[in-house]
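Engineer: Once you've had a glance at the structure underneath, I'll fire off some questions.
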Amino acid sequence: MIFSSLLFIFRFFPVFFILYFLAPRRAKNFVLFLGSLVFYAWGEPVYVGLMLFSSVSDYCCGIFLERAQAAGRERRAKGFLIASLAINLALLGFFKYADFLIGAGNACFGVEIPLLGLPLPVGISFYTFQTMSYTIDVYRKKTPAQRNFISFGAYVTMFPQLIAGPIVQYKSVAKELEDRHVTAKGLWEGIRRFCLGLGKKVLLANQAGALYELIGSRMAGGLSVLAAWIGILCFAFQIYFDFGGYSDMAVGMGKMMGFSFPENFNYPYVARSVTDFWRRWHMSLSGWFREYVYIPLGGNRRGPGRQIFNILVVWMLTGIWHGASWNFLFWGLWFGFFLILEKMWLAKVLERLPRMAGVLFTWLVVLGGWVLFSCTDTEQLALWARALFGLGGAGLWDRGILYELTSNAGLFVLLALGATPLPAGLCRRIFGKKGASGEKTGWRSVCETLWTLFVFGLSVAFLVDDSYNPFLYFRF
């Protein structure tokens, strides 16, 4: 796993940002491009060449595609688009799915083709989707082709969101690649957002993840019903604060450099339907599939039957995108099934129910999805599913889980509150009010600064003392 600890970040960032801010405006993209390559090479030196190859191929395809369209050679332009998509999908398919397909073939045909055992290039799922969106948008004439390779390379390799998103479409940052400004207000907002994300990751996600690992380690001896439900709740909170925290850090670092990255989460655990959940969870991925797969397939414009087909295709692909394992495919189909039910009739039923009933229904569906997502091994999946419904033979509860509940009661309160808009609303009431000049009054600004420093300091203290610092989405 790349970057076993967050502590490496604090060795890299200060040097990079000093060089970045000292560089003249025209050299900032070069510093960003070079710094991003160094960042990636720190953990994945072997695959830097792969990323550069992807960047060069899409850069050339974009230029050639645009020239062909300008000359009225639409067929040739489409050929360059297909070449770009084929290269990206081939790279993604070979490195991410080759062993899965070989294993499936071995099981189906009774052969013993050896697995390749290739390590997955970190972030390949994210940067291939970004480069594909670039060539598609150039073909659609939604954005001009980038003529400066350094600027294009800076977009592809941009380290804040390179490894785990959010997925940034080229057209959304094209102007900022050419001309961006960092204001004192923007710099502070970026620092504050980064510290908030770091706190989510270290203070909440890591603690929930450690408890999930502890409960999962007892699986062999059988889990009580309460332990199984608490365990999957811990995983739900871990993946939200882990991925959401990383996204906040990425957005914050982008602001420090003058970029506006898209938001990736909007309190998904308060959603009142599965459809609403996916409008709030990993929004950059949902938006990518909607714009580049669902709508081109016809969306909901060709009747209910075709819409159901389109939803199934999108969610099969969404599941496979997350990993080369059957559980991810089932996870995608699980959500596709409930989304289809809501499109057909369930959404109207949920609208008539009290809001909390919709939230509870969504939680149950999402938790079922997280069971599928977290268990890549079918035997582990079966054990966890049996335990959830009291078929594991360990009873309704046990002393161990009661002890964990009481000793971690404060953590569960923080996790539950942190997944709602309540803390953000409270912070806005305390720190957000402005004086007559339009700026925050002095004491409010001081309080906000002290709170940010407190979260940052506490996070660093936990990092130094804790060896459990995985980023779940690094493996995708």
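Each chain in the structure tokens gets a letter, A, B, ..., in the order shown, and its residues are numbered from 1; ligands are numbered from 1 in order too.
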Residues near range 363-370 of chain A, anyone? I mean within 9 Å using only C-alpha atoms, not counting same-chain ones fewer than 3 positions away, as a compact mmCIF listing (two decimals) with N, CA and C atoms, in the first residue's frame.

Structural biologist:
# COMPACT_ATOMS: atom_id res chain seq x y z
N TRP A 229 -23.83 -5.63 13.74
CA TRP A 229 -24.39 -4.34 13.33
C TRP A 229 -23.50 -3.17 13.73
N ILE A 232 -20.51 -3.08 11.22
CA ILE A 232 -20.76 -2.51 9.89
C ILE A 232 -21.08 -1.02 9.99
N LEU A 233 -21.64 -0.58 11.13
CA LEU A 233 -21.80 0.86 11.37
C LEU A 233 -20.44 1.54 11.44
N PHE A 235 -17.73 0.57 9.97
CA PHE A 235 -17.18 0.65 8.62
C PHE A 235 -17.85 1.78 7.84
N ALA A 236 -19.16 1.94 8.02
CA ALA A 236 -19.87 3.01 7.31
C ALA A 236 -19.30 4.37 7.69
N TYR A 269 -25.40 10.68 4.72
CA TYR A 269 -26.09 9.85 5.70
C TYR A 269 -27.36 10.50 6.25
N VAL A 270 -27.71 11.67 5.76
CA VAL A 270 -29.02 12.23 6.11
C VAL A 270 -29.98 12.12 4.93
N ALA A 271 -29.59 11.40 3.89
CA ALA A 271 -30.44 11.24 2.70
C ALA A 271 -31.70 10.47 3.06
N ARG A 272 -32.80 10.82 2.42
CA ARG A 272 -34.08 10.16 2.72
C ARG A 272 -34.46 9.14 1.67
N SER A 273 -33.58 8.88 0.68
CA SER A 273 -33.79 7.84 -0.32
C SER A 273 -32.44 7.43 -0.87
N VAL A 274 -32.39 6.29 -1.55
CA VAL A 274 -31.14 5.84 -2.16
C VAL A 274 -30.74 6.80 -3.28
N PHE A 277 -29.18 9.65 -1.65
CA PHE A 277 -27.86 9.27 -1.16
C PHE A 277 -26.81 9.43 -2.25
N PHE A 330 -21.54 -7.08 -7.27
CA PHE A 330 -22.79 -7.26 -6.54
C PHE A 330 -23.19 -5.98 -5.81
N TRP A 331 -22.17 -5.26 -5.28
CA TRP A 331 -22.43 -3.99 -4.61
C TRP A 331 -23.08 -3.00 -5.59
N GLY A 332 -22.55 -2.90 -6.80
CA GLY A 332 -23.13 -2.01 -7.80
C GLY A 332 -24.54 -2.41 -8.17
N TRP A 334 -26.59 -4.12 -6.35
CA TRP A 334 -27.44 -3.89 -5.16
C TRP A 334 -28.03 -2.49 -5.20
N PHE A 335 -27.19 -1.49 -5.42
CA PHE A 335 -27.69 -0.12 -5.47
C PHE A 335 -28.51 0.11 -6.75
N PHE A 338 -32.14 -1.03 -6.10
CA PHE A 338 -32.97 -0.11 -5.30
C PHE A 338 -33.23 1.20 -6.03
N GLY A 358 -37.74 7.58 5.83
CA GLY A 358 -36.92 7.52 4.62
C GLY A 358 -35.44 7.41 4.94
N VAL A 359 -35.01 8.15 5.96
CA VAL A 359 -33.60 8.09 6.36
C VAL A 359 -33.25 6.69 6.87
N LEU A 360 -34.14 6.10 7.68
CA LEU A 360 -33.90 4.76 8.21
C LEU A 360 -33.85 3.73 7.07
N PHE A 373 -19.49 -4.32 0.13
CA PHE A 373 -18.30 -3.56 -0.25
C PHE A 373 -17.09 -3.98 0.57
N SER A 374 -17.29 -4.23 1.85
CA SER A 374 -16.16 -4.46 2.75
C SER A 374 -15.63 -5.88 2.72
N CYS A 375 -16.44 -6.83 2.26
CA CYS A 375 -16.04 -8.25 2.31
C CYS A 375 -15.68 -8.74 0.91
N ALA A 385 -23.04 -11.71 6.97
CA ALA A 385 -24.47 -11.63 6.68
C ALA A 385 -25.27 -12.51 7.64

Engineer: Check the smallest atom-to-atom distance from each of A:Ala210, A:Leu414, A:Ala227, A:Val251 to Ile239 in chain A using only C-alpha atoms, then report the winner.

Structural biologist: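 Going through A:Ala210, A:Leu414, A:Ala227, A:Val251 one by one, the smallest distance to Ile239 in chain A is for A:Ala210.
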
Engineer: Using only C-alpha atoms, can you tell me which of A:Ala104, A:Val182, A:Val371, A:Ile191 comes closest to Glu448 in chain A?

Structural biologist: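 Of A:Ala104, A:Val182, A:Val371, A:Ile191, the one nearest Glu448 in chain A is A:Ile191, counting only C-alpha atoms.
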
Engineer: From the options A:Ala107, A:Val168, A:Leu19, A:Leu32, which residue's atoms come nearest to Ser151 in chain A, counting only C-alpha atoms?

Structural biologist: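 For Ser151 in chain A, the nearest of the given residues is A:Leu32.
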
Engineer: So how many Å separate CA of Val225 in chain A and CA of Phe389 in chain A, to one decimal?

Structural biologist: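 Separation of CA of Val225 in chain A and CA of Phe389 in chain A: 6.6 Å.
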
Engineer: What are the closest atom pairs, with distances in Å to one decimal, for all residues of range 53-102 of chain A lying within 12 Å of range 312-324 of chain A? Consider only C-alpha atoms, order rows by chain and residue number, and present the result as a Markdown table.

Structural biologist:
| residue | atom | partner | partner_atom | distance |
| --- | --- | --- | --- | --- |
| A:Leu89 | CA | A:Trp321 | CA | 11.1 |
| A:Leu92 | CA | A:Trp321 | CA | 9.3 |
| A:Gly93 | CA | A:Ala324 | CA | 9.4 |
| A:Phe94 | CA | A:Ala324 | CA | 10.9 |
| A:Phe95 | CA | A:Ala324 | CA | 10.0 |
| A:Lys96 | CA | A:Ala324 | CA | 6.4 |
| A:Tyr97 | CA | A:Ala324 | CA | 5.4 |
| A:Ala98 | CA | A:Ala324 | CA | 8.6 |
| A:Asp99 | CA | A:Ala324 | CA | 8.2 |
| A:Phe100 | CA | A:Ala324 | CA | 5.8 |
| A:Leu101 | CA | A:Ala324 | CA | 8.5 |
| A:Ile102 | CA | A:Ala324 | CA | 11.2 |

Engineer: Ranking A:Ser133, A:Asn106, A:Ser125, A:Asn264 by minimum distance to Ala90 in chain A and counting only C-alpha atoms, which one comes first?

Structural biologist: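 Of A:Ser133, A:Asn106, A:Ser125, A:Asn264, the one nearest Ala90 in chain A, counting only C-alpha atoms, is A:Ser125.
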
Engineer: Which value, in Å to one decimal, gives the distance between CA of Leu391 in chain A and CA of Ser224 in chain A?

Structural biologist: 9.0 Å

Engineer: Considering only C-alpha atoms, return as a list in words whatever protein or nucleic-acid residues lie within 6 Å of Tyr212 in chain A, sequence-local ones (same chain, fewer than 2 positions apart) excluded.

Structural biologist: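 The filter keeps Gly209, Ala210, Leu214, Ile215, Gly231, Cys234 and Phe235 of chain A.
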